[in-house]
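Q: Here's a structure for you.
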Amino acid sequence: MTVEANNLVKTFGAGADVAAVGGVSFSAPEGKVTALLGPSGSGKSTLLRMIAGLEEPDSGTIGIAGKDVTRVPVKQREVGFVFQSYALFRHMTVRDNIAFGMEIRKAPKSKIDARVAELLALIQLEGYENRFPAQLSGGQRQRIALARALATEPKVLLLDEPFGALDAQVRVELREWLVEFHEKTRVTTLLVTHDQEEALELSQHVVLLNSGLVAQAGAPHELYDHPASPFVASFLGGANVLRSRAQDGREVSTFVRPHDVRLAKPSTNSSDLELGTVDRLARIGGNIKLTVTLPNGEPMSVQLTKVELDKLGITLGDRVAVDVTSSKVFVDDYAI
Amino acid sequence: MSGIIASRQRTAGRRQSDVAAEAPWVRAVLIGTAASFLGVAVLLPLSIVFASAFSKGIGPFWEALSQPETQSAIWLTLLTASIAVPLNAVFGVAAAWLVSRYDFWGKSALVTLIDLPFSVSPVISGLIFVLLFGAQGFWGQWLSDHDIKVIFAVPGIVIATTFVTFPLVAREVLAVMQAQSSDEEEAALTMGASGLQILTRITLPKVRWGLIYGVILCNARAMGEFGAVSVVSGHIRGQTNTLPLHVEILYNEYNFVGAFAVAALLASLALVTLLVKKSVELNAALKQRRLARRAERDRSSLAPASLRRGAALSAAAPHISS
């Protein structure tokens, strides 16, 4: 069931001149995870809420499975929504939480019980039927919220910053779990996140948003390798920006990924122009993050593996030769 | 609700008392001041009420209470409360829901209006209804044409009481609703629930302690209201006298035992109300603590297994370990 957004516009507050969503179109492919990625305030959550029907767009249309649902009320859209806060019903047990949507639809009790058991098995929380949300850890609540959203077999699963409230370790584990989970269920999923790593790992399609507009959409590696604008290049993966001026006076920005920088011990014939000084060196497990100050005084972030560093034998304060293996050049925001 | 918060603060206070507490003599002075003030202003008058009621023994006390006029006052008070409290519960929940969930023009004016009965003197409130429903009042002619009596009759007493006690439920429920986000309601909405289903299955259970607390306070005030009721009642014995009005009449007739006997009954009703309120709070606090304890226990027995890398994905699902 594809989800189509056509020129969606949403402005909050009367007379506000800045639109939260300012004309967004995208298409989320069936059976895939699509990430709506962007910094806070980029309109991604508003977009998701409009698709769910929790907000009404000022203009534009929304299609689910080929049907225009722009004016269809929430309860008839058949979407599953997982809130950042999980929004579990705190006065209900896990079983009643998951069963809620089915009870509303007046499903027979035997069917509900079977579906609850099936879902609890899917999220690996069998035996938790009679717990209350307050008795669960953050990660467990997250999975219950997911099961609850899927209980009525929605056409689309919408996740609003699903890992936002979890600590780093649980987040990484749940991420892997969600990949596996999606492979089992194959539900068309829209995921809102501000975490590029999350988007790159979980999704097959990324819609990158910036101040209410689509900056670029495509496969994760496409955006990473071929960013369409300096914003995309710097938001995805992070990059060093080297600024200069072309002969005609236009501004030229060169984006260099930290892992696209090669360092070497200076040889006798290397000129001063290519030499930098290692000013900072942080060991983060197997990854090494260095800051090399270039001759023009600008810092450059470099990422090496521990193996590479050991081979080079570089330490803090060393002079090193800097070479760039790959870069992306933009003139006045246009890629060349 | 406020009791739960207070008890939480108390435990927190105890924990840090070693380092952050005042000097012992400061504490003694503060506690002493509070206790003696309470004693003089609350406990002493209350005990005098009971002492005076029983000053001639239990016989005259019962006799005073079994007077038909007293009986009628008891029934009228109970009747008034049993109409005013449910009305205010319904209106209160509706108003709190409206104010906390929707944005609309004039919302702050509405919130101020909810508080109005508290800021106006009860006597003025009573007077408002006399001006509206009285013989010379706004609707007076129409009412007398249709032979409907409001002022100096039971309907007036009920209306005045409802008006004066209106903010109690609305305020309590509003505070609870505003403290909670509407995520749960939105979640229910995406699952296909209708507005009524969301209200009864999600919102009301969420705010139930605030609602119960508000109802208890509302009930206490409804039974004890004097000023507004006094203006609209007309003090017709055996017909439009509520308990507080009856106390005044008996007292003015120098029937001290009778006055204090009825006052003692009224005070007992208030005390019972407070006891119910206390036990509601205690219940809520106990439930919270039980939940927290159980959660703690579960977490310590499940924690490492539940989501260890790989463990969550393996066929051997994380179960409740022994």
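Chains: A, B, ... in order of the structure tokens. Residues: from 1 per chain. Ligands: from 1, in order shown.
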Taking the backbone alone, and naming residues the way the document does, which bits of stretch 26-271 of chain B are helix (DSSP H, G or I) by DSSP, as a PyMOL selection string?

A: chain B and resi 26-53+58-66+68-101+107-119+122-133+140-145+154-179+183-190+195-206+208-224+227-233+243-252+256-271

Q: Excluding same-chain residues fewer than 4 positions from stretch 24-28 of chain A, what lies within 6 Å of it counting only C-alpha atoms, as a PyMOL selection string?

A: chain A and resi 2-8+34+213

Q: Based on the selection just made, write all heavy atoms of those residues as a short mmCIF file (atom, residue, chain, number, x, y, z; two decimals), in the first residue's frame.

A:
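result_39.cif, freshly written:
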```
data_model
loop_
_atom_site.label_atom_id
_atom_site.label_comp_id
_atom_site.auth_asym_id
_atom_site.auth_seq_id
_atom_site.Cartn_x
_atom_site.Cartn_y
_atom_site.Cartn_z
N THR A 2 1.05 1.83 -1.14
CA THR A 2 1.90 3.01 -1.17
C THR A 2 1.20 4.19 -0.50
O THR A 2 -0.02 4.25 -0.41
CB THR A 2 2.20 3.42 -2.63
OG1 THR A 2 0.96 3.46 -3.33
CG2 THR A 2 3.12 2.42 -3.29
N VAL A 3 2.01 5.09 0.00
CA VAL A 3 1.48 6.33 0.55
C VAL A 3 1.98 7.45 -0.34
O VAL A 3 3.16 7.52 -0.65
CB VAL A 3 1.98 6.54 2.00
CG1 VAL A 3 1.49 7.89 2.52
CG2 VAL A 3 1.53 5.42 2.90
N GLU A 4 1.04 8.29 -0.79
CA GLU A 4 1.41 9.40 -1.67
C GLU A 4 1.06 10.71 -1.01
O GLU A 4 -0.07 10.90 -0.54
CB GLU A 4 0.62 9.32 -2.99
CG GLU A 4 0.73 8.01 -3.72
CD GLU A 4 1.78 8.04 -4.81
OE1 GLU A 4 2.39 9.11 -5.00
OE2 GLU A 4 1.99 7.00 -5.46
N ALA A 5 2.02 11.60 -0.96
CA ALA A 5 1.73 12.96 -0.50
C ALA A 5 1.90 13.88 -1.68
O ALA A 5 2.90 13.79 -2.39
CB ALA A 5 2.69 13.35 0.61
N ASN A 6 0.89 14.73 -1.92
CA ASN A 6 0.94 15.62 -3.06
C ASN A 6 0.83 17.07 -2.64
O ASN A 6 -0.23 17.52 -2.23
CB ASN A 6 -0.19 15.30 -4.04
CG ASN A 6 0.24 14.24 -5.02
OD1 ASN A 6 1.32 14.35 -5.61
ND2 ASN A 6 -0.57 13.22 -5.17
N ASN A 7 1.96 17.77 -2.71
CA ASN A 7 1.96 19.20 -2.47
C ASN A 7 1.29 19.60 -1.15
O ASN A 7 0.49 20.51 -1.12
CB ASN A 7 1.27 19.90 -3.64
CG ASN A 7 1.96 21.22 -3.95
OD1 ASN A 7 3.04 21.49 -3.40
ND2 ASN A 7 1.37 22.02 -4.80
N LEU A 8 1.61 18.88 -0.08
CA LEU A 8 0.98 19.14 1.21
C LEU A 8 1.49 20.44 1.82
O LEU A 8 2.70 20.69 1.84
CB LEU A 8 1.26 18.00 2.18
CG LEU A 8 0.45 16.72 1.96
CD1 LEU A 8 0.88 15.67 2.96
CD2 LEU A 8 -1.03 17.01 2.09
N THR A 34 10.04 3.77 4.85
CA THR A 34 10.44 5.09 4.35
C THR A 34 10.72 5.99 5.54
O THR A 34 9.89 6.08 6.45
CB THR A 34 9.32 5.70 3.49
OG1 THR A 34 9.09 4.85 2.38
CG2 THR A 34 9.71 7.08 2.99
N LEU A 213 10.32 21.64 3.55
CA LEU A 213 10.41 21.27 2.14
C LEU A 213 11.27 20.02 1.99
O LEU A 213 12.11 19.74 2.83
CB LEU A 213 11.05 22.41 1.33
CG LEU A 213 10.24 23.71 1.27
CD1 LEU A 213 11.09 24.84 0.73
CD2 LEU A 213 8.98 23.52 0.43
#
```

Q: Would you give me, as a tab-separated table, each residue of stretch 219-302 of chain B having an atom within 9 Å of an atom of stretch 150-164 of chain B, along with its shortest atom pair and that distance in Å to one decimal, using only C-alpha atoms and sorting by chain and residue number?

A:
```
residue	atom	partner	partner_atom	distance
B:Arg221	CA	B:Val164	CA	8.5
B:Ala222	CA	B:Thr161	CA	5.9
B:Met223	CA	B:Thr161	CA	8.6
B:Glu225	CA	B:Thr161	CA	6.8
B:Ala228	CA	B:Ala160	CA	6.0
B:Val229	CA	B:Ile157	CA	5.5
B:Ser230	CA	B:Ile157	CA	8.5
B:Val231	CA	B:Phe152	CA	8.6
B:Val232	CA	B:Ile151	CA	5.4
B:Ser233	CA	B:Phe152	CA	4.4
B:Gly234	CA	B:Phe152	CA	4.7
B:His235	CA	B:Phe152	CA	7.6
B:Ile236	CA	B:Phe152	CA	7.7
B:Gln239	CA	B:Ala153	CA	7.7
B:Thr240	CA	B:Ala153	CA	5.9
B:Thr242	CA	B:Ile157	CA	8.7
```

Q: Include N, CA, C and O atoms and write out the residues we just selected as an mmCIF file, in the first residue's frame.

A:
```cif
data_model
loop_
_atom_site.group_PDB
_atom_site.id
_atom_site.type_symbol
_atom_site.label_atom_id
_atom_site.label_comp_id
_atom_site.auth_asym_id
_atom_site.auth_seq_id
_atom_site.Cartn_x
_atom_site.Cartn_y
_atom_site.Cartn_z
ATOM 1 N N ARG B 221 -19.108 20.871 50.277
ATOM 2 C CA ARG B 221 -19.528 22.256 50.184
ATOM 3 C C ARG B 221 -21.044 22.353 49.971
ATOM 4 O O ARG B 221 -21.719 23.218 50.534
ATOM 5 N N ALA B 222 -21.592 21.448 49.183
ATOM 6 C CA ALA B 222 -23.022 21.481 48.887
ATOM 7 C C ALA B 222 -23.843 21.285 50.162
ATOM 8 O O ALA B 222 -24.868 21.931 50.360
ATOM 9 N N MET B 223 -23.375 20.393 51.031
ATOM 10 C CA MET B 223 -24.131 20.140 52.264
ATOM 11 C C MET B 223 -23.972 21.279 53.252
ATOM 12 O O MET B 223 -24.848 21.534 54.074
ATOM 13 N N GLU B 225 -23.327 24.615 52.484
ATOM 14 C CA GLU B 225 -23.535 25.978 51.985
ATOM 15 C C GLU B 225 -24.608 26.721 52.796
ATOM 16 O O GLU B 225 -25.700 26.216 53.031
ATOM 17 N N ALA B 228 -25.691 31.581 50.167
ATOM 18 C CA ALA B 228 -26.550 31.652 48.987
ATOM 19 C C ALA B 228 -27.899 31.005 49.255
ATOM 20 O O ALA B 228 -28.953 31.535 48.880
ATOM 21 N N VAL B 229 -27.860 29.857 49.949
ATOM 22 C CA VAL B 229 -29.091 29.132 50.245
ATOM 23 C C VAL B 229 -29.983 29.962 51.166
ATOM 24 O O VAL B 229 -31.208 30.019 51.006
ATOM 25 N N SER B 230 -29.338 30.653 52.106
ATOM 26 C CA SER B 230 -30.095 31.464 53.057
ATOM 27 C C SER B 230 -30.914 32.528 52.345
ATOM 28 O O SER B 230 -32.059 32.796 52.699
ATOM 29 N N VAL B 231 -30.345 33.119 51.295
ATOM 30 C CA VAL B 231 -31.043 34.183 50.583
ATOM 31 C C VAL B 231 -32.262 33.642 49.823
ATOM 32 O O VAL B 231 -33.323 34.251 49.830
ATOM 33 N N VAL B 232 -32.110 32.465 49.183
ATOM 34 C CA VAL B 232 -33.195 31.979 48.325
ATOM 35 C C VAL B 232 -34.209 31.096 49.056
ATOM 36 O O VAL B 232 -35.269 30.802 48.510
ATOM 37 N N SER B 233 -33.867 30.680 50.286
ATOM 38 C CA SER B 233 -34.702 29.643 50.897
ATOM 39 C C SER B 233 -35.991 30.171 51.522
ATOM 40 O O SER B 233 -37.038 29.546 51.421
ATOM 41 N N GLY B 234 -35.920 31.332 52.170
ATOM 42 C CA GLY B 234 -37.106 31.825 52.841
ATOM 43 C C GLY B 234 -37.293 31.226 54.226
ATOM 44 O O GLY B 234 -38.215 31.582 54.947
ATOM 45 N N HIS B 235 -36.447 30.283 54.600
ATOM 46 C CA HIS B 235 -36.441 29.709 55.951
ATOM 47 C C HIS B 235 -37.799 29.176 56.370
ATOM 48 O O HIS B 235 -38.262 29.416 57.465
ATOM 49 N N ILE B 236 -38.478 28.503 55.498
ATOM 50 C CA ILE B 236 -39.760 27.928 55.874
ATOM 51 C C ILE B 236 -39.502 26.599 56.561
ATOM 52 O O ILE B 236 -38.992 25.658 55.946
ATOM 53 N N GLN B 239 -39.856 22.875 55.378
ATOM 54 C CA GLN B 239 -39.997 22.860 53.922
ATOM 55 C C GLN B 239 -38.732 23.288 53.196
ATOM 56 O O GLN B 239 -38.230 22.584 52.330
ATOM 57 N N THR B 240 -38.219 24.467 53.545
ATOM 58 C CA THR B 240 -37.063 24.968 52.789
ATOM 59 C C THR B 240 -35.867 25.220 53.709
ATOM 60 O O THR B 240 -35.031 26.043 53.432
ATOM 61 N N THR B 242 -32.433 23.948 55.138
ATOM 62 C CA THR B 242 -31.376 22.939 55.073
ATOM 63 C C THR B 242 -30.707 22.877 56.442
ATOM 64 O O THR B 242 -31.001 23.687 57.320
#
```

Q: Go through stretch 234-319 of chain A and collect every residue that DSSP, computed from the backbone, puts in strand (DSSP E); the answer should be as a ChimeraX atom specification.

A: /A:240-245,251-256,261-264,275-284,287-293,299-305,319

Q: Could you state the separation of atom CA of B:Leu38 and atom CA of B:Phe54 in Å, given to one decimal place?

A: 23.1 Å

Q: Take atom CA of B:Leu196 and atom CA of A:Val79 and report the distance between them in Å, one decimal.

A: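 We find that atom CA of B:Leu196 and atom CA of A:Val79 lie 20.4 Å from each other.
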
Q: For B:Leu98, please output as a VMD selection string all residues within 12 Å (counting only C-alpha atoms; exclusion window: fewer than 3 positions along the same chain).

A: chain B and resid 91 to 95 101 to 104 106 to 108 110 to 111 170 173 to 174 177 to 178 199
